[in-house]
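Source file: target-v7.cif; contents: mmCIF, C-alpha atoms.
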```
data_work
loop_
_atom_site.label_atom_id
_atom_site.label_comp_id
_atom_site.auth_asym_id
_atom_site.auth_seq_id
_atom_site.Cartn_x
_atom_site.Cartn_y
_atom_site.Cartn_z
CA MET H 1 -43.98 -35.31 -67.32
CA ARG H 2 -44.74 -37.84 -70.02
CA TYR H 3 -41.33 -37.57 -71.72
CA LYS H 4 -39.59 -37.71 -68.34
CA ARG H 5 -41.24 -40.96 -67.29
CA ARG H 6 -41.76 -43.77 -69.80
CA GLY H 7 -41.90 -47.54 -69.66
CA VAL H 8 -41.12 -49.65 -66.60
CA ASP H 9 -38.91 -49.02 -63.57
CA ARG H 10 -36.79 -51.39 -61.49
CA ASN H 11 -39.74 -52.21 -59.24
CA GLY H 12 -41.93 -53.36 -62.12
CA ASN H 13 -44.08 -50.22 -62.02
CA VAL H 14 -45.00 -48.45 -65.25
CA ALA H 15 -45.62 -44.83 -66.16
CA ASN H 16 -49.17 -43.47 -66.36
CA TYR H 17 -50.70 -46.58 -64.83
CA VAL H 18 -54.40 -45.98 -64.21
CA GLU H 19 -57.24 -48.28 -63.20
CA THR H 20 -60.63 -47.08 -64.43
CA GLU H 21 -63.89 -48.50 -63.11
CA GLN H 22 -67.20 -47.86 -64.85
CA LEU H 23 -70.13 -48.16 -62.46
CA ILE H 24 -73.83 -48.43 -63.27
CA HIS H 25 -76.45 -48.34 -60.55
CA VAL H 26 -80.04 -49.26 -61.48
CA HIS H 27 -82.56 -49.71 -58.69
CA ASN H 28 -80.89 -52.17 -56.29
CA HIS H 29 -78.38 -53.42 -58.84
CA THR H 30 -74.79 -52.19 -59.14
CA LEU H 31 -72.65 -53.26 -62.09
CA SER H 32 -68.96 -52.59 -62.49
CA PHE H 33 -66.38 -53.01 -65.24
CA ILE H 34 -62.66 -52.35 -64.76
CA GLN H 35 -59.95 -51.57 -67.29
CA THR H 36 -56.35 -50.48 -66.83
CA ARG H 37 -53.84 -48.54 -68.86
CA GLY H 38 -50.09 -48.27 -68.47
CA SER H 39 -46.94 -47.58 -70.42
CA VAL H 40 -45.31 -50.38 -72.40
CA PRO H 41 -43.40 -52.28 -69.66
CA VAL H 42 -39.94 -52.23 -71.18
CA PHE H 43 -37.11 -49.77 -70.61
CA TRP H 44 -37.59 -47.06 -73.22
CA SER H 45 -37.50 -43.30 -73.50
CA GLN H 46 -37.93 -40.35 -75.83
CA VAL H 47 -35.01 -37.99 -75.37
CA GLY H 48 -34.55 -34.56 -76.86
CA TYR H 49 -36.50 -31.41 -77.51
CA ARG H 50 -38.06 -32.22 -80.85
CA TYR H 51 -41.84 -32.05 -81.07
CA ASN H 52 -42.07 -35.85 -81.07
CA PRO H 53 -38.70 -37.40 -80.16
CA ARG H 54 -37.87 -40.76 -81.65
CA PRO H 55 -38.44 -43.62 -79.15
CA ARG H 56 -35.44 -45.69 -78.15
CA LEU H 57 -34.86 -48.80 -76.06
CA ASP H 58 -32.63 -48.19 -73.03
CA LYS H 59 -31.97 -51.81 -72.04
CA SER H 60 -31.55 -55.04 -73.94
CA GLU H 61 -34.19 -57.72 -74.24
CA LYS H 62 -32.36 -59.90 -71.73
CA GLU H 63 -31.98 -57.09 -69.18
CA THR H 64 -35.68 -56.23 -69.43
CA VAL H 65 -37.13 -59.70 -68.83
CA ALA H 66 -37.01 -59.65 -65.02
CA TYR H 67 -38.77 -56.29 -64.72
CA PHE H 68 -41.36 -57.15 -67.36
CA CYS H 69 -42.12 -60.35 -65.48
CA ALA H 70 -42.33 -58.48 -62.18
CA HIS H 71 -44.91 -56.12 -63.65
CA PHE H 72 -47.19 -58.78 -65.08
CA GLU H 73 -46.81 -61.18 -62.19
CA GLU H 74 -48.17 -58.44 -59.96
CA GLN H 75 -50.94 -57.66 -62.45
CA LEU H 76 -51.99 -61.29 -62.76
CA LYS H 77 -51.93 -61.64 -59.00
CA ILE H 78 -54.48 -58.82 -58.78
CA TYR H 79 -56.64 -59.47 -61.86
CA LYS H 80 -55.99 -63.19 -62.62
CA LYS H 81 -56.22 -62.69 -66.40
CA GLN H 82 -55.17 -59.84 -68.68
CA VAL H 83 -55.86 -59.00 -72.29
CA ILE H 84 -53.29 -56.56 -73.65
CA ILE H 85 -54.58 -54.14 -76.28
CA ASN H 86 -51.50 -52.56 -77.84
CA LEU H 87 -52.37 -49.53 -80.00
CA VAL H 88 -48.90 -48.36 -81.06
CA ASP H 89 -48.09 -48.08 -84.75
CA GLN H 90 -46.87 -51.29 -86.35
CA ALA H 91 -44.70 -49.30 -88.74
CA GLY H 92 -42.56 -46.19 -88.45
CA ARG H 93 -40.90 -44.84 -85.34
CA GLU H 94 -43.23 -46.56 -82.84
CA LYS H 95 -42.55 -50.02 -84.26
CA ILE H 96 -39.47 -50.56 -82.10
CA ILE H 97 -41.59 -50.27 -78.94
CA GLY H 98 -44.36 -52.53 -80.22
CA ASP H 99 -41.86 -55.18 -81.31
CA ALA H 100 -40.09 -55.10 -77.94
CA TYR H 101 -43.45 -55.49 -76.19
CA LEU H 102 -44.43 -58.53 -78.26
CA LYS H 103 -41.05 -60.20 -77.71
CA GLN H 104 -41.39 -59.83 -73.96
CA VAL H 105 -44.92 -61.25 -74.02
CA LEU H 106 -43.67 -64.29 -75.95
CA LEU H 107 -40.80 -64.77 -73.50
CA PHE H 108 -43.19 -64.45 -70.55
CA ASN H 109 -45.32 -67.19 -72.13
CA ASN H 110 -48.22 -67.15 -69.68
CA ALA H 111 -51.57 -68.69 -70.56
CA HIS H 112 -53.40 -65.98 -68.60
CA LEU H 113 -51.94 -63.19 -70.73
CA THR H 114 -53.47 -62.48 -74.15
CA TYR H 115 -51.87 -60.04 -76.58
CA VAL H 116 -53.89 -58.09 -79.17
CA SER H 117 -52.25 -55.56 -81.49
CA PHE H 118 -54.34 -52.86 -83.18
CA ASP H 119 -52.59 -50.17 -85.23
CA PHE H 120 -54.92 -47.32 -84.31
CA HIS H 121 -53.52 -44.75 -86.73
CA GLU H 122 -53.64 -47.17 -89.64
CA HIS H 123 -57.20 -48.34 -89.03
CA CYS H 124 -58.54 -44.89 -88.15
CA ARG H 125 -56.68 -42.97 -90.84
CA GLY H 126 -58.46 -39.81 -91.96
CA MET H 127 -60.06 -39.21 -88.53
CA LYS H 128 -62.34 -42.23 -88.96
CA PHE H 129 -62.31 -43.13 -85.28
CA GLU H 130 -65.53 -45.05 -85.69
CA ASN H 131 -63.32 -47.77 -87.20
CA VAL H 132 -62.41 -48.71 -83.63
CA GLN H 133 -65.49 -50.91 -83.95
CA THR H 134 -63.27 -53.21 -86.02
CA LEU H 135 -61.38 -53.91 -82.81
CA THR H 136 -64.41 -54.27 -80.55
CA ASP H 137 -66.00 -56.64 -83.06
CA ALA H 138 -62.83 -58.74 -83.14
CA ILE H 139 -62.65 -59.04 -79.35
CA TYR H 140 -66.41 -59.23 -78.78
CA ASP H 141 -66.30 -62.83 -77.57
CA ILE H 142 -63.45 -61.99 -75.19
CA ILE H 143 -65.52 -59.12 -73.77
CA LEU H 144 -68.47 -61.43 -73.15
CA ASP H 145 -66.27 -64.12 -71.60
CA MET H 146 -64.66 -61.57 -69.29
CA LYS H 147 -68.07 -60.63 -67.87
CA TRP H 148 -68.35 -57.91 -65.22
CA CYS H 149 -69.08 -57.53 -61.53
CA TRP H 150 -72.79 -57.50 -60.67
CA VAL H 151 -74.22 -57.25 -57.17
CA ASP H 152 -77.66 -56.68 -55.70
CA GLN H 153 -79.14 -56.77 -52.21
CA ALA H 154 -78.83 -60.55 -52.10
CA GLY H 155 -75.11 -60.49 -52.88
CA VAL H 156 -72.80 -61.16 -55.83
CA ILE H 157 -74.48 -62.32 -59.03
CA CYS H 158 -71.32 -62.55 -61.14
CA LYS H 159 -67.70 -61.42 -61.12
CA GLN H 160 -65.44 -59.92 -63.75
CA GLU H 161 -62.85 -62.47 -64.86
CA GLY H 162 -59.79 -60.59 -66.01
CA ILE H 163 -59.30 -57.11 -67.43
CA PHE H 164 -58.25 -55.27 -70.56
CA ARG H 165 -54.90 -53.50 -70.29
CA VAL H 166 -54.89 -50.85 -73.01
CA ASN H 167 -51.88 -48.81 -74.08
CA CYS H 168 -50.59 -46.52 -76.78
CA MET H 169 -47.38 -44.49 -76.48
CA ASP H 170 -48.68 -42.00 -73.90
CA CYS H 171 -51.63 -44.14 -72.75
CA LEU H 172 -53.78 -41.06 -73.26
CA ASP H 173 -55.58 -40.17 -76.46
CA ARG H 174 -55.80 -43.41 -78.44
CA THR H 175 -56.24 -45.32 -75.21
CA ASN H 176 -59.17 -43.10 -74.21
CA VAL H 177 -61.00 -43.78 -77.46
CA VAL H 178 -60.53 -47.54 -77.26
CA GLN H 179 -61.33 -47.90 -73.57
CA ALA H 180 -64.50 -45.88 -74.07
CA ALA H 181 -65.48 -48.14 -77.00
CA ILE H 182 -64.94 -51.30 -74.94
CA ALA H 183 -66.85 -49.80 -72.02
CA ARG H 184 -69.75 -49.00 -74.33
CA VAL H 185 -70.03 -52.61 -75.50
CA VAL H 186 -70.01 -53.78 -71.88
CA MET H 187 -72.57 -51.18 -70.81
CA GLU H 188 -74.95 -52.20 -73.58
CA GLN H 189 -74.74 -55.82 -72.45
CA GLN H 190 -75.25 -54.83 -68.83
CA LEU H 191 -78.36 -52.76 -69.59
CA LYS H 192 -79.81 -55.57 -71.69
CA LYS H 193 -79.25 -58.04 -68.85
CA LEU H 194 -81.06 -55.66 -66.50
CA GLY H 195 -83.96 -55.45 -68.94
CA VAL H 196 -83.80 -51.66 -69.25
CA MET H 197 -82.57 -51.72 -72.85
CA PRO H 198 -84.31 -53.73 -75.59
CA PRO H 199 -82.20 -56.20 -77.59
CA GLU H 200 -80.86 -54.94 -80.93
CA GLN H 201 -81.50 -51.34 -79.90
CA PRO H 202 -78.90 -48.58 -79.54
CA LEU H 203 -78.25 -46.83 -76.25
CA PRO H 204 -80.99 -44.35 -75.31
CA VAL H 205 -79.98 -40.80 -76.24
CA LYS H 206 -79.82 -39.57 -72.64
CA CYS H 207 -77.80 -42.57 -71.50
CA ASN H 208 -75.44 -42.24 -74.46
CA ARG H 209 -74.85 -38.58 -73.68
CA ILE H 210 -73.98 -39.32 -70.06
CA TYR H 211 -71.64 -42.09 -71.16
CA GLN H 212 -69.85 -39.80 -73.64
CA ILE H 213 -69.38 -36.97 -71.15
CA MET H 214 -68.22 -39.36 -68.43
CA TRP H 215 -65.50 -40.94 -70.58
CA ALA H 216 -64.42 -37.62 -72.10
CA ASN H 217 -64.01 -36.12 -68.63
CA ASN H 218 -62.10 -39.19 -67.51
CA GLY H 219 -59.72 -38.86 -70.44
CA ASP H 220 -59.20 -35.15 -69.79
CA SER H 221 -58.43 -35.74 -66.11
CA ILE H 222 -55.80 -38.39 -66.82
CA SER H 223 -54.30 -36.29 -69.60
CA ARG H 224 -54.00 -33.17 -67.44
CA GLN H 225 -52.23 -35.17 -64.76
CA TYR H 226 -49.72 -36.75 -67.17
CA ALA H 227 -49.37 -34.29 -70.05
CA GLY H 228 -50.70 -31.02 -68.63
CA THR H 229 -53.56 -30.52 -71.11
CA ALA H 230 -56.95 -31.98 -71.93
CA ALA H 231 -56.95 -35.16 -74.00
CA LEU H 232 -56.62 -35.09 -77.77
CA LYS H 233 -59.43 -36.65 -79.81
CA GLY H 234 -61.71 -35.69 -76.93
CA ASP H 235 -64.38 -34.32 -79.24
CA PHE H 236 -64.95 -37.81 -80.65
CA THR H 237 -65.28 -39.32 -77.18
CA ARG H 238 -67.53 -36.47 -76.06
CA THR H 239 -69.81 -36.27 -79.11
CA GLY H 240 -69.16 -39.36 -81.22
CA GLU H 241 -68.05 -37.13 -84.12
CA ARG H 242 -64.73 -35.78 -85.32
CA LYS H 243 -64.99 -32.17 -86.49
CA LEU H 244 -62.63 -29.44 -87.67
CA ALA H 245 -63.02 -27.52 -84.41
CA GLY H 246 -61.84 -30.59 -82.52
CA VAL H 247 -58.83 -30.93 -84.81
CA MET H 248 -57.94 -27.27 -84.23
CA LYS H 249 -58.29 -27.71 -80.47
CA ASP H 250 -56.01 -30.75 -80.64
CA GLY H 251 -53.43 -28.59 -82.41
CA VAL H 252 -53.49 -26.06 -79.58
CA ASN H 253 -53.25 -28.80 -76.95
CA SER H 254 -50.36 -30.42 -78.81
CA ALA H 255 -48.48 -27.12 -78.84
CA ASN H 256 -49.17 -26.67 -75.13
CA ARG H 257 -47.92 -30.18 -74.43
CA TYR H 258 -44.70 -29.43 -76.26
CA TYR H 259 -44.18 -26.23 -74.28
CA LEU H 260 -44.88 -27.95 -70.95
CA ASN H 261 -42.57 -30.82 -71.82
CA ARG H 262 -39.81 -28.47 -72.94
CA PHE H 263 -39.92 -25.93 -70.13
CA LYS H 264 -42.04 -27.12 -67.17
CA ASP H 265 -42.12 -30.88 -66.77
CA ALA H 266 -38.66 -31.34 -65.26
CA TYR H 267 -39.61 -29.17 -62.29
CA ARG H 268 -42.94 -30.97 -61.83
CA GLN H 269 -41.26 -34.37 -61.99
CA ALA H 270 -38.60 -33.29 -59.50
CA VAL H 271 -41.31 -32.20 -57.04
CA ILE H 272 -43.16 -35.50 -57.43
CA ASP H 273 -39.93 -37.45 -56.91
CA LEU H 274 -39.09 -35.48 -53.77
CA MET H 275 -42.58 -35.99 -52.34
CA GLN H 276 -42.15 -39.73 -52.82
CA GLY H 277 -38.70 -39.75 -51.25
CA ILE H 278 -36.99 -40.49 -54.57
CA PRO H 279 -33.65 -38.71 -55.18
CA VAL H 280 -33.79 -36.17 -58.00
CA THR H 281 -31.70 -37.52 -60.86
CA GLU H 282 -28.92 -35.59 -62.56
CA ASP H 283 -30.82 -35.39 -65.84
CA LEU H 284 -33.70 -33.58 -64.12
CA TYR H 285 -31.27 -31.20 -62.39
CA SER H 286 -29.65 -30.25 -65.68
CA ILE H 287 -32.99 -29.77 -67.43
CA PHE H 288 -34.34 -27.76 -64.49
CA ASN H 289 -31.34 -25.40 -64.63
CA LYS H 290 -31.85 -24.87 -68.34
CA GLU H 291 -35.53 -24.15 -67.74
CA LYS H 292 -34.68 -21.48 -65.14
CA GLU H 293 -32.21 -19.85 -67.54
CA HIS H 294 -34.85 -19.86 -70.26
CA GLU H 295 -37.49 -18.32 -67.97
CA ALA H 296 -35.12 -15.54 -66.90
CA LEU H 297 -34.25 -14.79 -70.52
CA HIS H 298 -37.92 -14.88 -71.49
CA LYS H 299 -38.86 -12.39 -68.74
CA GLU H 300 -36.04 -10.06 -69.76
CA ASN H 301 -37.10 -10.20 -73.41
CA GLN H 302 -40.71 -9.58 -72.40
CA ARG H 303 -39.75 -6.47 -70.41
CA SER H 304 -37.68 -5.14 -73.31
CA HIS H 305 -40.54 -5.85 -75.70
CA GLN H 306 -43.04 -3.95 -73.55
CA GLU H 307 -40.69 -0.99 -73.15
CA LEU H 308 -40.18 -0.85 -76.90
CA ILE H 309 -43.94 -0.88 -77.54
CA SER H 310 -44.43 1.89 -74.98
CA GLN H 311 -41.78 4.04 -76.66
CA LEU H 312 -43.30 3.44 -80.09
CA LEU H 313 -46.78 4.38 -78.90
CA GLN H 314 -45.56 7.60 -77.33
CA SER H 315 -43.66 8.50 -80.49
CA TYR H 316 -46.76 7.92 -82.60
CA MET H 317 -48.87 10.05 -80.26
CA LYS H 318 -46.48 12.94 -80.82
CA LEU H 319 -46.66 12.47 -84.58
CA LEU H 320 -50.45 12.38 -84.56
CA LEU H 321 -50.87 15.61 -82.58
CA PRO H 322 -51.65 18.78 -84.58
CA ASP H 323 -48.92 21.44 -84.73
CA ASN H 324 -50.83 23.80 -82.45
CA GLU H 325 -51.07 21.22 -79.62
CA LYS H 326 -48.43 20.00 -77.21
CA PHE H 327 -47.80 16.51 -75.85
CA HIS H 328 -47.62 16.61 -72.06
CA GLY H 329 -47.53 12.90 -71.30
CA GLY H 330 -49.31 9.58 -71.67
CA TRP H 331 -49.14 5.92 -70.96
CA ALA H 332 -49.35 2.62 -72.83
CA LEU H 333 -51.49 -0.32 -71.80
CA ILE H 334 -49.86 -3.62 -72.74
CA ASP H 335 -51.98 -6.78 -72.88
CA CYS H 336 -54.87 -4.96 -71.25
CA ASP H 337 -57.54 -7.14 -72.87
CA PRO H 338 -58.41 -9.93 -70.37
CA ARG H 339 -59.51 -12.19 -73.23
#
```
Serialized structure, structure tokens:
Amino acid sequence: MRYKRRGVDRNGNVANYVETEQLIHVHNHTLSFIQTRGSVPVFWSQVGYRYNPRPRLDKSEKETVAYFCAHFEEQLKIYKKQVIINLVDQAGREKIIGDAYLKQVLLFNNAHLTYVSFDFHEHCRGMKFENVQTLTDAIYDIILDMKWCWVDQAGVICKQEGIFRVNCMDCLDRTNVVQAAIARVVMEQQLKKLGVMPPEQPLPVKCNRIYQIMWANNGDSISRQYAGTAALKGDFTRTGERKLAGVMKDGVNSANRYYLNRFKDAYRQAVIDLMQGIPVTEDLYSIFNKEKEHEALHKENQRSHQELISQLLQSYMKLLLPDNEKFHGGWALIDCDPR
């Protein structure tokens, strides 16, 4: 569904908007830290059936202003302050989206909105995702000033003042890595305040493992909902290391995402729209009809392929039989291996 729903709508809502709350409970203390993610709140899309269609702006800067303002006015009403972490590329095909975002922020001109740009692919080139620490170091003071929610039996000890709103193009893979990194910094500070983690010491191994699994599972859940597969770069979030096996898995997931986007997502989006009482748009109807035609053709080709294999196998059985034996019949098992 990700290529069917991008950017902002006429109500100021954005695609793939998710609020994530990290909770820590120690004895009678509960500590919380909230982050959000959401598509770049301008009118943009990626049309076509290429593996990675080129982004385009669908409305002018002037036409977008009202809807951009509606989105952030609602966000500031809820969270009071927001720090935008924009991870899209600052060069190449993604630049047009990043530039449009920055222009709208400048036009909005609100003291409670802070904009931070971090070209993830440039800084983490060569799978060096640990370089995300460059970002967390740069915003370290902002993280401390933002605080977190902390309550015990006596009541509220402190409140979180503002949130980080993180985005990339899909608000999935890069966003997962960065949100997990920010959450780690916060968690370390929280545990030190509670006195369960010594100053200048890394997270205990067991705690670190739980944190990694928790954020990796969170990323996978959001990714399956929006893109149909587990998150990319999940091995780094899950283990703290980027390995060849993870790269290969990302390749498989990328191929699956392309297939789902090309042949399945229009139907899924139409169902979601209908459940919400939203009329199904003409573009989804046309794509859905093409998908049905493709599925019918695929099934027909599959049947023909299986019949051909069966005929070939029976012909080979006849050829392999000795001259003094007769072929009375047989059968072919196609795709019989459950693996």
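Residue nearest H:Ile85, chosen from H:Ala138, H:Val166, H:Ala100, H:Val8 and counting only C-alpha atoms: H:Val166.
For the pair atom CA of H:Leu23 and atom CA of H:Lys77, the interatomic distance is 22.9 Å.
Residues in contact range of H:His25, defined as at most 10 Å between only C-alpha atoms, with sequence neighbours fewer than 3 positions away removed, read Asn28, His29, Thr30, Leu31, Ser32, Trp150, Val151 and Asp152 of chain H.
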Polymer residues at most 12 Å from H:Leu203, all atoms listed in the file, same-chain spacing of 6 or more positions, as a count of residues only | 15
Show me, as a compact mmCIF listing (two decimals) with C-alpha atoms, in the frame of the given file, the residues that have an atom within 9 Å of H:Asn167 when counting all atoms listed in the file, minus same-chain residues fewer than 3 positions from it.
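The resulting result.txt:
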```txt
# COMPACT_ATOMS: atom_id res chain seq x y z
CA THR H 36 -56.35 -50.48 -66.83
CA ARG H 37 -53.84 -48.54 -68.86
CA GLY H 38 -50.09 -48.27 -68.47
CA SER H 39 -46.94 -47.58 -70.42
CA VAL H 40 -45.31 -50.38 -72.40
CA ILE H 84 -53.29 -56.56 -73.65
CA ILE H 85 -54.58 -54.14 -76.28
CA ASN H 86 -51.50 -52.56 -77.84
CA LEU H 87 -52.37 -49.53 -80.00
CA VAL H 88 -48.90 -48.36 -81.06
CA ASP H 170 -48.68 -42.00 -73.90
CA CYS H 171 -51.63 -44.14 -72.75
CA LEU H 172 -53.78 -41.06 -73.26
CA ARG H 174 -55.80 -43.41 -78.44
CA THR H 175 -56.24 -45.32 -75.21
```
Which residue gives the smallest distance to H:Ala183 among H:Trp148, H:Phe43, H:Tyr67, H:Tyr79, with all atoms listed in the file counted?
-> H:Trp148
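Going from atom CA of H:Gln35 to atom CA of H:Phe164 covers 5.2 Å.
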Answer key for the PyMOL selection byres ((chain H and resi 124) around 12), residues as a ChimeraX atom specification | /H:87,89,118-123,125-135,174,177-178,233,242
Sorted by chain and rising residue number, which residues of stretch 128-236 of chain H lie within 12 Å of stretch 102-113 of chain H, and what are their closest atom pairs and distances in Å to one decimal, counting only C-alpha atoms, as a tab-separated table?
```
residue	atom	partner	partner_atom	distance
H:Glu161	CA	H:His112	CA	10.8
H:Gly162	CA	H:His112	CA	8.8
H:Ile163	CA	H:Leu113	CA	10.1
H:Phe164	CA	H:Leu113	CA	10.1
H:Arg165	CA	H:Leu113	CA	10.1
```
Shortest interatomic distance to H:Met146 - which of H:Ile97, H:Val18, H:Met169, H:Val83, counting all atoms listed in the file | H:Val83
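The space between atom CA of H:Asn208 and atom CA of H:Asp220 spans 18.3 Å.
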Best match for closeness to H:Pro55 among H:Val14, H:Gln22, H:Asp9, H:Gly98, counting all atoms listed in the file |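 Among the listed residues, H:Gly98 lies closest to H:Pro55.
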